[in-house]
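Take a look at the structure below.
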There are 4 protein chains.
Amino acid sequence: MSTSLPASMPAICKLNDAPGLNFCQDVPVPEPGPRDVLVAVTHAGICGTDRHIYEWDAWSRNRVKLGITTGHEFVGRVVAVGEATQRIEVGQRVSAEGHIGCGFCEACRTGNGHICETVDILGIDCNGCFAPFISVPETNIWPVHPEIPNKVAAVFDPLGNAVHTVMAAGVSGKTVLITGVGIIGLMAVTVAKAAGATRIFVTDVDPRRLELAMKLGAEQSFDARQPWVDKLRQTCRGGPQVLLEMSGHATAIRHGLEALHNGGRAALLGIPADEVKLDLSELIIFRGATVLGINGRKMFETWYQMENLILSEQLELDSIITHQIDMKDFETGFAMMQSGEAIKVVMKIPQSEGEACQTVNSTSEQLS
Amino acid sequence: MSTSLPASMPAICKLNDAPGLNFCQDVPVPEPGPRDVLVAVTHAGICGTDRHIYEWDAWSRNRVKLGITTGHEFVGRVVAVGEATQRIEVGQRVSAEGHIGCGFCEACRTGNGHICETVDILGIDCNGCFAPFISVPETNIWPVHPEIPNKVAAVFDPLGNAVHTVMAAGVSGKTVLITGVGIIGLMAVTVAKAAGATRIFVTDVDPRRLELAMKLGAEQSFDARQPWVDKLRQTCRGGPQVLLEMSGHATAIRHGLEALHNGGRAALLGIPADEVKLDLSELIIFRGATVLGINGRKMFETWYQMENLILSEQLELDSIITHQIDMKDFETGFAMMQSGEAIKVVMKIPQSEGEACQTVNSTSEQLS
Amino acid sequence: MSTSLPASMPAICKLNDAPGLNFCQDVPVPEPGPRDVLVAVTHAGICGTDRHIYEWDAWSRNRVKLGITTGHEFVGRVVAVGEATQRIEVGQRVSAEGHIGCGFCEACRTGNGHICETVDILGIDCNGCFAPFISVPETNIWPVHPEIPNKVAAVFDPLGNAVHTVMAAGVSGKTVLITGVGIIGLMAVTVAKAAGATRIFVTDVDPRRLELAMKLGAEQSFDARQPWVDKLRQTCRGGPQVLLEMSGHATAIRHGLEALHNGGRAALLGIPADEVKLDLSELIIFRGATVLGINGRKMFETWYQMENLILSEQLELDSIITHQIDMKDFETGFAMMQSGEAIKVVMKIPQSEGEACQTVNSTSEQLS
Amino acid sequence: MSTSLPASMPAICKLNDAPGLNFCQDVPVPEPGPRDVLVAVTHAGICGTDRHIYEWDAWSRNRVKLGITTGHEFVGRVVAVGEATQRIEVGQRVSAEGHIGCGFCEACRTGNGHICETVDILGIDCNGCFAPFISVPETNIWPVHPEIPNKVAAVFDPLGNAVHTVMAAGVSGKTVLITGVGIIGLMAVTVAKAAGATRIFVTDVDPRRLELAMKLGAEQSFDARQPWVDKLRQTCRGGPQVLLEMSGHATAIRHGLEALHNGGRAALLGIPADEVKLDLSELIIFRGATVLGINGRKMFETWYQMENLILSEQLELDSIITHQIDMKDFETGFAMMQSGEAIKVVMKIPQSEGEACQTVNSTSEQLS
């Protein structure tokens with residue numbers, strides 16, 4: 001490994017069993033194992049999951065390992081590779097899939113590592129990317145196409161969620177309803193449009209988000225707190241053919257399924273906090289509906305689809321990635337997300353002294 | 001139409017808003033419309049749905065039209081055809097799809113008439129087959145292959161449910177769990193085996209049914225009232241790849257989904273009486289599961305699949321069709337189903353006087 | 001039927017075993033059968049197939065019944081319905097599927113009437129639409145959405161070919177090569193773009209067509225007479241994921257398959273005049289390619305997809321339908337198609353005297 | 001690595017640009033790299049590909065690297081693992097996928113490593129398994145289920161071809177034609193039967209193979225040199241729904257496609273030596289047929305399917321693996337395959353002196 005790397009670095013960590021995150025100054029720079037790659041992170045996205053960890057909700061308290069560096073969406077440049085790596089080289093601009101599958105179970109060996117039963121997730125189960133350096137298994141590395149700007153490459157992870165949901169549901173030539181237009185829901189609007197949806201309808205409780213969804217290509221938006229199912233079924237003869245459920249709210253799930261066309265397909269990505277009561281007979285069985293549980297991204301089918309879609313220049317991501325801030329201002333980032341002022345926030349990660357730093361700086365012009 | 005047809009006939013009808021069915025003596029023989037076919041029924045199956053109507057449960061009270069002749073599973077011989085029919089001829093041995101779609105909606109025009117929004121069902125919305133004659137639209141008629149015995153042709157409807165469920169789920173080369181082995185669940189065991197399931201597991205509360213399921217090809221059976229999910233997941237590494245839910249019980253649905261392999265497919269045919277509470281996050285979303293609502297049979301894709309399967313001689317139906325009785329003994333039939341003594345009961349329908357009667361009698365030897 | 005209909009009408013017929021078509025003045029107005037619908041045709045498209053019949057090539061000589069009225073792409077208004085029809089009413093604006101399936105074979109009963117083994121085609125096996133009136137089975141009628149202009153409704157048939165090809169291949173999120181951009185190939189460009197193709201490449205020998213393909217959304221065009229396969233495989237890393245073969249030329253088929261990405265899908269719509277020699281090992285087997293034979297349109301799945309796509313306003317058809325002429329000028333139409341001056345030509349069909357005529361005229365404003 | 005391994009070993013190699021193979025005595029035992037696993041081979045199958053190499057046909061001359069140890073189907077026991085391996089342990093009984101993908105291209109990263117453009121194949125591009133030791137990348141290793149006997153585990157590779165072909169075509173509930181019942185064709189008969197084919201028809205020129213196919217579950221066999229297409233289409237109304245082409249003969253491909261049901265699916269595994277002339281219009285396009293190129297096995301979806309099928313005890317492989325011989329008698333093995341006396345021949349591989357040898361011997365009882 002290069003001798004010019006610093007021994008320690010700043011990092012945003014989760015130290016305490018309480019809300020908030022900690023800006024630590026002297027976290028050890030990770031040592032990549034023989035099959036790992038060390039990446040100098042230049043940009044990292046703040047995910048809704050990071051906000052859960054920040055707010056320390058029930059899910060986070062049960063799931064997140066205290067002491068870790070947080071964050072799992074990023075782009076950077078390779079600064080060192082383990083001795084048993086095969087293809088990835090120092091200097092490559094890369095992002096990474098944040099799900100680290102075991103590599104040997106049936107899911108992992110059939111292109112479904114995203115549902116490996118013993119998956120580890122960066123920034124949740126092991127150290128993440130809210131720091132100048134991250135170590136990642138080489139098999140998780142995704143070389144970034146030179147035409148893709150850093151701020152987009154920094155959000156491959158949630159964009160991949162949107163792409164996986166849209167592609168799994170199959171929207172080509174179909175009418176689509178998206179319930180919940182937070183970060184991933186908004187991404188799903190632009191992805192569904194690029195992927196061939198003929199008409200897109202959206203619901204949410206936040207008028208700013210609904211407005212942005214319309215700008216991104218939705219035909220009609222509905223306030224989720226008002227009755228909307230019958231209106232939509234009339235507008236869209238017999239209901240939309242596809243439902244992309246992005247909110248995780250029980251009412252949205254029920255209404256979304258109620259609105260669905262007979263024989264339609266519903267993809268569920270939003271994660272309900274509690275059990276949901278459903279009239280399975282009316283909503284699913286008699287209608288011949290198909291319901292797809294969506295988790296993560298397909299490794300790496302979704303990534304290729306995502307790259308194709310981005311390079312087609314049909315995705316409108318600039319209005320979704322509303323803010324770029326410095327890593328040290330992460331508190332502001334979370335606050336803007338909480339207030340609804342920001343949609344997607346990308347942090348610029350400062351480089352430590354030395355060669356690695358310079359390597360990375362030389363590419364900073366690529367940021368759009 | 002032939003002049004030899006009688007003017008009236010006996011029929012098992014639903015006359016009163018109360019439990020039970022009525023054996024009526026002077027029901028008018030139906031007059032086929034220009035596009036309809038009149039069939040002299042020789043054998044009719046008693047369906048679980050008929051039992052619901054007999055017991056007059058909540059569903060029946062809301063759904064069934066009083067005054068109708070009941071029954072929707074049958075085989076018989078064509079005795080008259082409307083003047084605008086096209087292919088079906090007097091004398092053909094036929095069964096019929098019991099869902100009468102509108103023929104012009106998107107579902108009907110794309111091979112999905114079973115989920116037509118304005119579908120009528122024989123014996124529920126209009127007169128059925130528990131009588132010597134039934135009039136059916138020609139487009140619903142299914143000519144019966146000469147090698148298929150009458151008692152099997154009389155139960156195409158529920159067998160079609162089983163076939164549609166199995167084929168929609170896709171069992172070829174896969175491990176399969178069937179929760180609930182009533183009539184259709186038992187049929188699903190033999191169908192899944194013929195369709196290429198590698199291992200079949202079943203749950204139910206009735207030991208006689210579990211025993212029959214084992215005889216039909218299941219590898220292991222579980223008493224649904226005892227804990228079984230962990231055992232099954234161990235036996236069947238990571239859980240079965242396919243769930244066929246045939247019971248409609250909330251607990252079976254929950255446990256079945258819990259047992260399912262990551263990335264598995266669940267086909268729901270059993271109809272829950274009430275809403276079901278589900279942990280969608282754990283059971284569907286994180287697992288990347290697919291849930292299919294199954295209704296009726298595909299018209300007529302399922303029928304061709306069913307015919308192929310029957311002719312392959314790999315279905316074991318004799319031990320499922322446990323009893324054949326005379327139409328006048330229908331009360332006994334319902335009683336045997338209620339007690340669990342019978343699984344599937346087929347009624348022989350007596351013919352009225354005249355030529356039609358003779359035509360039909362001449363084929364009675366075909367009954368296996 | 002209305003008494004106001006004329007007894008005879010002008011029609012473009014195929015009378016002689018020689019090139020050319022005949023403009024006949026006294027062709028009997030067809031009498032609809034009990035299940036048929038009589039349509040007063042207002043606009044009819046000239047198909048490549050009509051040109052084959054006009055030029056009386058080998059295929060036509062073997063296939064077309066002499067004496068018939070030609071044409072199979074049209075829109076018009078219902079002026080009479082047979083007494084056993086069910087839904088279609090006098091006054092409705094309609095088009096029709098030109099493949100008349102038997103209605104009772106496996107293909108017809110499973111939503112695949114387009115590959116019925118005994119299919120009849122309007123204007124080839126029976127009287128077509130190059131005349132003021134055509135009789136069509138009610139089950140073939142397609143009610144036209146009020147927002148769709150007549151000139152588009154007149155070309156549903158070839159547009160349906162393009163839609164069926166694109167949807168069968170599956171272009172959403174994928175890179176696409178279209179070999180041959182005649183009428184249907186050009187339609188496929190705009191359809192593929194609307195259906196979510198990320199990048200579209202085209203080949204042809206006619207620079208005007210290639211130019212139009214670029215205008216419709218192709219990213220790069222290739223002169224089919226120059227070497228292009230290696231260039232395309234470089235531009236489009238590993239080759240396009242989807243091939244839509246629209247030319248029927250042996251060389252295009254071979255080169256198209258050669259260009260295809262490993263594991264790609266090729267949909268063949270163009271009809272080769274002769275046998276084609278293929279290196280199946282290199283082009284299909286070792287590559288794990290999938291080749292789909294495409295015929296007609298799915299009845300009626302493709303029609304619903306087509307309507308969805310048109311209503312989404314993402315199809316650019318105006319520059320493909322280059323000319324509208326009067327029926328009597330059909331010779332000019334064929335000449336313009338032969339010279340390459342015209343792409344798609346739509347004929348306006350004059351109405352005979354009487355009420356029917358007036359009914360139809362009242363809608364002429366809808367023509368865009 | 002264990003010090004008890006010998007430095008050299010006997011091996012069956014391809015040394016000269018001429019027919020035949022060489023039994024060499026002092027081939028170096030391979031040294032596994034950091035990500036590789038060294039396996040002590042106990043049983044190896046002789047593949048049709050090995051016979052091509054033995055006979056030194058045109059394909060072999062162009063493809064095979066002189067000097068290599070041949071063979072790619074085997075089972076054995078792990079005797080050493082590289083220092084950067086992750087899961088596989090010394091002592092495990094294993095087989096291996098013979099396609100060594102690059103691991104980083106789109107095919108490899110989406111579960112399609114079998115069609116990696118830079119794939120290396122054991123025994124063709126690098127040293128194979130006709131020797132007491134073979135080194136294989138850990139990611140290619142397949143741990144063998146304890147219930148599977150060695151002689152079956154030794155032929156996973158061709159059995160995987162059969163399983164991949166059958167599963168890709170989709171035979172569940174369908175009628176199937178298999179053209180060519182050599183080793184893989186015969187395996188396809190038993191696999192198709194287990195996977196749910198309703199009726200199986202076979203063609204070949206060798207009456208012994210046709211007879212064995214009947215024993216394995218085919219319903220009817222045809223001598224490929226006599227006319228058979230019309231007979232089959234009559235027996236199997238409209239033709240079989242699925243074609244599995246295993247012969248690579250141009251005539252078989254043409255006749256197989258001719259026999260196919262409209263809308264059917266054909267999977268091509270047999271590799272034609274030359275280009276094939278096809279009437280694409282009649283055989284593929286008008287029929288709406290789907291043609292699938294099949295190569296290798298899906299890594300590792302096919303392997304899981306194969307294991308499921310074997311464990312279901314529905315595969316009849318004993319009558320296909322007709323002979324087991326000692327490695328030194330390989331000439332006899334090839335001769336028996338050439339004469340048609342043998343179908344599948346498995347060689348027992350002798351172990352060299354030392355600990356590895358003993359480890360392996362201790363499991364020899366598992367051979368069925």
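Residues are referred to by chain and number: the chain letter is A, B, ... according to the order shown in the structure tokens, the number counts from 1 in that chain, and ligands are numbered separately from 1 in the order shown.
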### Task
May I have the residues within 7 Å of range 170-177 of chain B as a VMD selection string, using only C-alpha atoms and disregarding those fewer than 4 positions away in the same chain?
(chain B and resid 166 192 195 to 202 240 to 244) or (chain D and resid 172 195 to 196 305 308 to 309)
### Message
Write out as a ChimeraX atom specification the set of residues from range 18-99 of chain C that DSSP, computed on the backbone, places in alpha helix (DSSP H).
### Response
/C:48-55,58-63
### Task
Name the closest residue to chain B among the candidates D:Ile53, D:Ile284, D:Met299, D:Ala169; distances are taken between atoms, counting only C-alpha atoms.
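Under the stated criterion, the closest residue is D:Ala169.
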Select, as a CSV table (one decimal) with C-alpha atoms, in the first residue's frame, those residues of chain C with any atom no more than 7 Å from chain D (distances computed using only C-alpha atoms).
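Output (selection17.csv):
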```
chain,number,residue,atom,x,y,z
C,115,ILE,CA,-50.7,-17.0,-34.9
C,262,ASN,CA,-23.9,-11.7,-25.5
C,268,LEU,CA,-37.3,-10.7,-36.3
C,269,LEU,CA,-40.2,-9.0,-38.1
C,271,ILE,CA,-39.7,-11.4,-43.8
C,272,PRO,CA,-36.8,-12.9,-45.9
C,274,ASP,CA,-35.5,-16.9,-49.4
C,275,GLU,CA,-33.8,-19.2,-46.9
C,276,VAL,CA,-31.0,-17.6,-44.9
C,277,LYS,CA,-27.7,-19.2,-44.1
C,278,LEU,CA,-26.7,-18.6,-40.5
C,279,ASP,CA,-23.7,-19.5,-38.4
C,280,LEU,CA,-26.0,-20.7,-35.5
C,281,SER,CA,-23.1,-21.7,-33.3
C,284,ILE,CA,-26.9,-17.7,-31.4
C,285,ILE,CA,-25.7,-20.7,-29.4
C,286,PHE,CA,-22.3,-19.6,-27.9
C,287,ARG,CA,-23.8,-16.1,-27.3
C,288,GLY,CA,-26.8,-17.3,-25.4
C,289,ALA,CA,-28.9,-15.1,-27.7
C,290,THR,CA,-32.7,-15.3,-27.8
C,291,VAL,CA,-34.4,-14.9,-31.2
C,292,LEU,CA,-38.1,-14.1,-31.4
C,293,GLY,CA,-40.2,-14.6,-34.5
C,294,ILE,CA,-42.7,-11.7,-34.6
C,295,ASN,CA,-45.9,-11.9,-36.6
```
Might you pull out every residue within 10 Å of Ser8 in chain C, with only C-alpha atoms counted and same-chain residues fewer than 2 positions away left off, and present them as a compact mmCIF listing (two decimals) with C-alpha atoms, in the first residue's frame?
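Below you can see around.txt, which holds the result:
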```
# COMPACT_ATOMS: atom_id res chain seq x y z
CA LEU C 5 -76.89 2.26 -47.62
CA PRO C 6 -76.06 2.16 -51.32
CA PRO C 10 -66.13 2.00 -55.81
CA ALA C 11 -63.23 -0.16 -54.60
CA GLN C 25 -66.90 1.31 -59.74
CA ASP C 26 -69.66 -1.13 -58.94
CA VAL C 27 -68.50 -3.43 -56.22
CA PRO C 28 -71.37 -4.65 -54.03
CA VAL C 29 -71.49 -3.10 -50.58
CA PRO C 30 -70.81 -6.01 -48.19
CA PRO C 132 -66.22 3.04 -48.65
CA PHE C 133 -67.53 0.03 -46.70
CA SER C 352 -71.34 7.24 -51.15
```
### Task
Fewer than 3 positions away in the same chain doesn't count, so skip those; otherwise give me all residues within 10 Å of range 41-47 of chain C, counting only C-alpha atoms, as a PyMOL selection string.
chain C and resi 38+50-53+70-79+93-95+128-134+150-158+183-184+321+324-327+330+333-334+337+343-351+357+360-361+363-364+367
### Message
I'd like the contact shell of Gly82 in chain A - 8 Å cut-off, only C-alpha atoms, skipping same-chain residues fewer than 5 positions apart - returned as an MDAnalysis selection string.
### Response
chainID A and resid 1 32:37
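The space between CA of Glu31 in chain A and CA of Arg63 in chain A spans 24.7 Å.
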### Two-atom distance - CA of Ala188 in chain C, CA of Val39 in chain C (Å)
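Computing it gives 28.7 Å between the two atoms.
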## Note on the structure
One residue among A:Glu83, A:Asp125, A:Glu138, A:Glu301 is nearest to Met167 in chain A when using only C-alpha atoms, and that residue is A:Glu301
### Task
Enumerate as number ranges by chain all residues of range 207-344 of chain D assigned to strand (DSSP E or B) by DSSP on the backbone, naming them with the chain letters and numbers the document uses.
D: 220-223, 242-245, 265-268, 276-278, 290-293, 321-326, 344
### Message
I need the residue nearest Phe23 in chain A from this list: A:Gly180, A:Pro143, A:Gly48, A:Gly67. Use only C-alpha atoms for the distance.
### Response
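With only C-alpha atoms as the atom set, the closest residue is A:Gly67.
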